[in-house]
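Okay, so here's the structure we're looking at.
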Amino acid sequence: MSLAATTQRVQQLAGGTDSLGATIKFAFESGAIYLDGTGPTGNLISNEDKEAQCTVHISQADFEALLSGELNPMEAMIGGKMRIEGDMGVALRLGGLFG
């Protein structure tokens, strides 16, 4: 899947939900998805590569597997497929954001 298609999928899952109350970046080898959940009207998603309170380093394929439920987040962390930098509390809120 392309970065644009993955970004669109994140937009569908998180764009209409309550604000995350933080910024998070998913950093891939091919780019990034930046989620700004600090505003009052939900979460804004873009492909900007900006500083975030929490950055999740993961391959795009593994991220897509996480979104589809094929990959468990805990297994991804333990297996070294995902690394988190920054505010771990923000990362823990992602389960509610993506279902």
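Convention: chains lettered A, B, ... in structure tokens order; per-chain residue numbering from 1; ligands numbered from 1 as shown.
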
Write out as a tab-separated table a residue-level contact list of range 45-87 of chain A versus range 35-40 of chain A with cut-off 12 Å: for each qualifying residue the closest pair of atoms and the distance in Å to one decimal, counting only C-alpha atoms, rows sorted by chain and residue number upward.
```
residue	atom	partner	partner_atom	distance
A:Ile45	CA	A:Leu35	CA	4.6
A:Ser46	CA	A:Leu35	CA	6.6
A:Asn47	CA	A:Leu35	CA	8.7
A:Glu48	CA	A:Leu35	CA	9.0
A:Asp49	CA	A:Leu35	CA	10.4
A:Lys50	CA	A:Leu35	CA	10.0
A:Glu51	CA	A:Asp36	CA	10.7
A:Ala52	CA	A:Asp36	CA	8.4
A:Gln53	CA	A:Asp36	CA	9.8
A:Cys54	CA	A:Leu35	CA	10.1
A:Thr55	CA	A:Leu35	CA	10.3
A:Val56	CA	A:Leu35	CA	11.4
```

Those same residues, written as a short mmCIF file (atom, residue, chain, number, x, y, z; two decimals), in the first residue's frame with N, CA and C atoms?
```
data_model
loop_
_atom_site.label_atom_id
_atom_site.label_comp_id
_atom_site.auth_asym_id
_atom_site.auth_seq_id
_atom_site.Cartn_x
_atom_site.Cartn_y
_atom_site.Cartn_z
N ILE A 45 -4.70 14.82 10.36
CA ILE A 45 -3.69 13.88 9.89
C ILE A 45 -3.02 14.45 8.63
N SER A 46 -1.69 14.35 8.60
CA SER A 46 -0.93 14.82 7.44
C SER A 46 0.30 13.94 7.27
N ASN A 47 1.09 14.25 6.27
CA ASN A 47 2.34 13.54 6.05
C ASN A 47 3.55 14.41 6.40
N GLU A 48 3.31 15.41 7.25
CA GLU A 48 4.41 16.26 7.69
C GLU A 48 5.35 15.47 8.59
N ASP A 49 6.62 15.76 8.45
CA ASP A 49 7.64 15.11 9.28
C ASP A 49 8.10 16.12 10.32
N LYS A 50 7.23 16.33 11.33
CA LYS A 50 7.50 17.32 12.37
C LYS A 50 7.75 16.61 13.70
N GLU A 51 8.27 17.38 14.65
CA GLU A 51 8.44 16.87 16.01
C GLU A 51 7.07 16.56 16.59
N ALA A 52 7.01 15.48 17.36
CA ALA A 52 5.76 15.09 18.02
C ALA A 52 6.06 14.68 19.45
N GLN A 53 5.03 14.67 20.27
CA GLN A 53 5.21 14.24 21.66
C GLN A 53 5.60 12.77 21.74
N CYS A 54 5.15 12.00 20.76
CA CYS A 54 5.45 10.57 20.71
C CYS A 54 5.71 10.19 19.26
N THR A 55 6.79 9.48 19.03
CA THR A 55 7.11 8.99 17.69
C THR A 55 7.18 7.47 17.72
N VAL A 56 6.44 6.85 16.80
CA VAL A 56 6.43 5.40 16.67
C VAL A 56 7.22 5.05 15.42
#
```

Original post:
What is the distance, in Å and to one decimal place, between CA of Glu70 in chain A and CA of Asn43 in chain A?
Top reply: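 Interatomic distance, CA of Glu70 in chain A to CA of Asn43 in chain A: 24.3 Å.
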
Original post:
A:Ala5, A:Leu44, A:Gly79, A:Gly95: which is nearest Lys25 in chain A, counting only C-alpha atoms?
Top reply: A:Leu44

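Of the listed residues A:Met77, A:Ile58, A:Leu13, A:Thr7, the one whose atoms come nearest to Tyr34 in chain A is A:Thr7, with distances taken using only C-alpha atoms.
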
Show me, as a Markdown table, the residues of range 4-48 of chain A having an atom within 10 Å of range 89-92 of chain A, each with the closest atom pair and its distance in Å, using only C-alpha atoms.
```
| residue | atom | partner | partner_atom | distance |
| --- | --- | --- | --- | --- |
| A:Leu20 | CA | A:Val90 | CA | 8.0 |
| A:Gly21 | CA | A:Val90 | CA | 8.5 |
| A:Ala22 | CA | A:Val90 | CA | 6.8 |
| A:Thr23 | CA | A:Val90 | CA | 8.1 |
| A:Ile24 | CA | A:Val90 | CA | 7.5 |
```

Residues flagged alpha helix (DSSP H) by DSSP in range 38-93 of chain A, as a PDB file with N, CA and C atoms, in the first residue's frame:
```pdb
ATOM      1  N   GLN A  60       6.157   0.430   7.321  1.00  0.00           N
ATOM      2  CA  GLN A  60       4.803   0.710   6.857  1.00  0.00           C
ATOM      3  C   GLN A  60       3.987  -0.581   6.777  1.00  0.00           C
ATOM      4  N   ALA A  61       4.594  -1.661   6.346  1.00  0.00           N
ATOM      5  CA  ALA A  61       3.891  -2.944   6.263  1.00  0.00           C
ATOM      6  C   ALA A  61       3.435  -3.413   7.644  1.00  0.00           C
ATOM      7  N   ASP A  62       4.294  -3.274   8.654  1.00  0.00           N
ATOM      8  CA  ASP A  62       3.910  -3.673  10.013  1.00  0.00           C
ATOM      9  C   ASP A  62       2.831  -2.745  10.569  1.00  0.00           C
ATOM     10  N   PHE A  63       2.891  -1.460  10.245  1.00  0.00           N
ATOM     11  CA  PHE A  63       1.864  -0.528  10.685  1.00  0.00           C
ATOM     12  C   PHE A  63       0.509  -0.909  10.089  1.00  0.00           C
ATOM     13  N   GLU A  64       0.506  -1.255   8.813  1.00  0.00           N
ATOM     14  CA  GLU A  64      -0.732  -1.678   8.166  1.00  0.00           C
ATOM     15  C   GLU A  64      -1.267  -2.955   8.810  1.00  0.00           C
ATOM     16  N   ALA A  65      -0.362  -3.863   9.196  1.00  0.00           N
ATOM     17  CA  ALA A  65      -0.781  -5.087   9.895  1.00  0.00           C
ATOM     18  C   ALA A  65      -1.371  -4.752  11.266  1.00  0.00           C
ATOM     19  N   LEU A  66      -0.824  -3.757  11.946  1.00  0.00           N
ATOM     20  CA  LEU A  66      -1.394  -3.305  13.224  1.00  0.00           C
ATOM     21  C   LEU A  66      -2.808  -2.769  13.021  1.00  0.00           C
ATOM     22  N   LEU A  67      -2.987  -1.938  11.998  1.00  0.00           N
ATOM     23  CA  LEU A  67      -4.294  -1.340  11.742  1.00  0.00           C
ATOM     24  C   LEU A  67      -5.344  -2.390  11.402  1.00  0.00           C
ATOM     25  N   SER A  68      -4.936  -3.441  10.709  1.00  0.00           N
ATOM     26  CA  SER A  68      -5.889  -4.479  10.307  1.00  0.00           C
ATOM     27  C   SER A  68      -6.117  -5.525  11.393  1.00  0.00           C
ATOM     28  N   PRO A  73       0.068  -5.126  18.991  1.00  0.00           N
ATOM     29  CA  PRO A  73       1.043  -4.087  19.352  1.00  0.00           C
ATOM     30  C   PRO A  73       2.104  -4.571  20.348  1.00  0.00           C
ATOM     31  N   MET A  74       1.713  -5.376  21.317  1.00  0.00           N
ATOM     32  CA  MET A  74       2.681  -5.872  22.301  1.00  0.00           C
ATOM     33  C   MET A  74       3.697  -6.800  21.632  1.00  0.00           C
ATOM     34  N   GLU A  75       3.223  -7.663  20.741  1.00  0.00           N
ATOM     35  CA  GLU A  75       4.137  -8.544  20.011  1.00  0.00           C
ATOM     36  C   GLU A  75       5.080  -7.735  19.127  1.00  0.00           C
ATOM     37  N   ALA A  76       4.571  -6.658  18.549  1.00  0.00           N
ATOM     38  CA  ALA A  76       5.407  -5.803  17.707  1.00  0.00           C
ATOM     39  C   ALA A  76       6.525  -5.169  18.526  1.00  0.00           C
ATOM     40  N   MET A  77       6.204  -4.728  19.739  1.00  0.00           N
ATOM     41  CA  MET A  77       7.220  -4.134  20.620  1.00  0.00           C
ATOM     42  C   MET A  77       8.245  -5.179  21.045  1.00  0.00           C
ATOM     43  N   ILE A  78       7.772  -6.308  21.525  1.00  0.00           N
ATOM     44  CA  ILE A  78       8.668  -7.355  22.018  1.00  0.00           C
ATOM     45  C   ILE A  78       9.528  -7.909  20.891  1.00  0.00           C
ATOM     46  N   MET A  88       5.247   7.877  26.491  1.00  0.00           N
ATOM     47  CA  MET A  88       4.634   6.553  26.414  1.00  0.00           C
ATOM     48  C   MET A  88       3.133   6.626  26.715  1.00  0.00           C
ATOM     49  N   GLY A  89       2.715   7.599  27.516  1.00  0.00           N
ATOM     50  CA  GLY A  89       1.294   7.767  27.805  1.00  0.00           C
ATOM     51  C   GLY A  89       0.487   8.046  26.550  1.00  0.00           C
ATOM     52  N   VAL A  90       1.059   8.797  25.620  1.00  0.00           N
ATOM     53  CA  VAL A  90       0.399   9.069  24.343  1.00  0.00           C
ATOM     54  C   VAL A  90       0.273   7.774  23.557  1.00  0.00           C
ATOM     55  N   ALA A  91       1.315   6.982  23.532  1.00  0.00           N
ATOM     56  CA  ALA A  91       1.280   5.718  22.804  1.00  0.00           C
ATOM     57  C   ALA A  91       0.193   4.791  23.360  1.00  0.00           C
ATOM     58  N   LEU A  92      -0.002   4.812  24.660  1.00  0.00           N
ATOM     59  CA  LEU A  92      -1.007   3.950  25.275  1.00  0.00           C
ATOM     60  C   LEU A  92      -2.430   4.361  24.893  1.00  0.00           C
TER      61      LEU A  92
END
```

**OP:** Can you pull out every residue within 10 Å of Ser30 in chain A, counting only C-alpha atoms, but drop anything in the same chain fewer than 5 positions away, and send it as a list in words?
**Re:** Ser2, Leu3, Ser59 and Gln60 of chain A

Give the strand (DSSP E or B) residues of range 3-95 of chain A, as DSSP finds them on the backbone, and put them as a compact mmCIF listing (two decimals) with N, CA and C atoms, in the first residue's frame.
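Wrote states-v9.txt, looks like this:
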```txt
# COMPACT_ATOMS: atom_id res chain seq x y z
N THR A 23 0.28 15.09 20.13
CA THR A 23 0.76 14.88 18.77
C THR A 23 1.53 13.57 18.72
N ILE A 24 1.37 12.87 17.61
CA ILE A 24 2.09 11.61 17.44
C ILE A 24 2.50 11.48 15.98
N LYS A 25 3.67 10.89 15.80
CA LYS A 25 4.17 10.67 14.44
C LYS A 25 4.49 9.20 14.27
N PHE A 26 4.04 8.63 13.16
CA PHE A 26 4.40 7.28 12.77
C PHE A 26 5.47 7.42 11.70
N ALA A 27 6.68 7.03 12.03
CA ALA A 27 7.83 7.22 11.14
C ALA A 27 8.13 5.92 10.41
N PHE A 28 8.03 5.97 9.09
CA PHE A 28 8.32 4.84 8.21
C PHE A 28 9.58 5.13 7.41
N GLY A 31 8.47 7.70 4.68
CA GLY A 31 7.85 8.96 5.04
C GLY A 31 7.25 8.89 6.43
N ALA A 32 6.25 9.72 6.69
CA ALA A 32 5.66 9.78 8.02
C ALA A 32 4.18 10.11 7.94
N ILE A 33 3.47 9.71 8.97
CA ILE A 33 2.09 10.15 9.17
C ILE A 33 2.10 10.89 10.50
N TYR A 34 1.65 12.15 10.46
CA TYR A 34 1.65 13.01 11.63
C TYR A 34 0.20 13.23 12.05
N LEU A 35 -0.10 12.96 13.29
CA LEU A 35 -1.45 13.12 13.82
C LEU A 35 -1.40 14.21 14.88
N ASP A 36 -2.12 15.29 14.63
CA ASP A 36 -2.20 16.39 15.58
C ASP A 36 -3.57 16.35 16.24
N LEU A 44 -6.17 15.92 13.30
CA LEU A 44 -5.76 16.30 11.95
C LEU A 44 -4.60 15.43 11.53
N ILE A 45 -4.70 14.82 10.36
CA ILE A 45 -3.69 13.88 9.89
C ILE A 45 -3.02 14.45 8.63
N SER A 46 -1.69 14.35 8.60
CA SER A 46 -0.93 14.82 7.44
C SER A 46 0.30 13.94 7.27
N CYS A 54 5.15 12.00 20.76
CA CYS A 54 5.45 10.57 20.71
C CYS A 54 5.71 10.19 19.26
N THR A 55 6.79 9.48 19.03
CA THR A 55 7.11 8.99 17.69
C THR A 55 7.18 7.47 17.72
N VAL A 56 6.44 6.85 16.80
CA VAL A 56 6.43 5.40 16.67
C VAL A 56 7.22 5.05 15.42
N HIS A 57 8.33 4.34 15.60
CA HIS A 57 9.15 3.89 14.48
C HIS A 57 8.72 2.47 14.14
N ILE A 58 8.26 2.28 12.90
CA ILE A 58 7.74 0.99 12.48
C ILE A 58 7.77 0.95 10.95
N MET A 82 8.58 -2.54 16.37
CA MET A 82 8.10 -1.20 16.67
C MET A 82 8.91 -0.64 17.84
N ARG A 83 9.28 0.63 17.71
CA ARG A 83 10.02 1.32 18.77
C ARG A 83 9.35 2.66 19.02
N ILE A 84 9.17 3.00 20.29
CA ILE A 84 8.49 4.23 20.66
C ILE A 84 9.46 5.18 21.34
N GLU A 85 9.45 6.43 20.90
CA GLU A 85 10.24 7.50 21.50
C GLU A 85 9.29 8.56 22.03
N GLY A 86 9.61 9.11 23.17
CA GLY A 86 8.81 10.20 23.71
C GLY A 86 7.82 9.73 24.76
```

Original post:
Could you work out how far CA of Gly42 in chain A lies from CA of Gln12 in chain A, giving the answer in Å with one decimal?
Top reply: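 Computed distance, CA of Gln12 in chain A to CA of Gly42 in chain A, equals 12.1 Å.
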
Original post:
Which distance in Å separates CA of Gln8 in chain A and CA of Gly80 in chain A, to one decimal?
Top reply: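 Distance reported for this atom pair: 25.9 Å.
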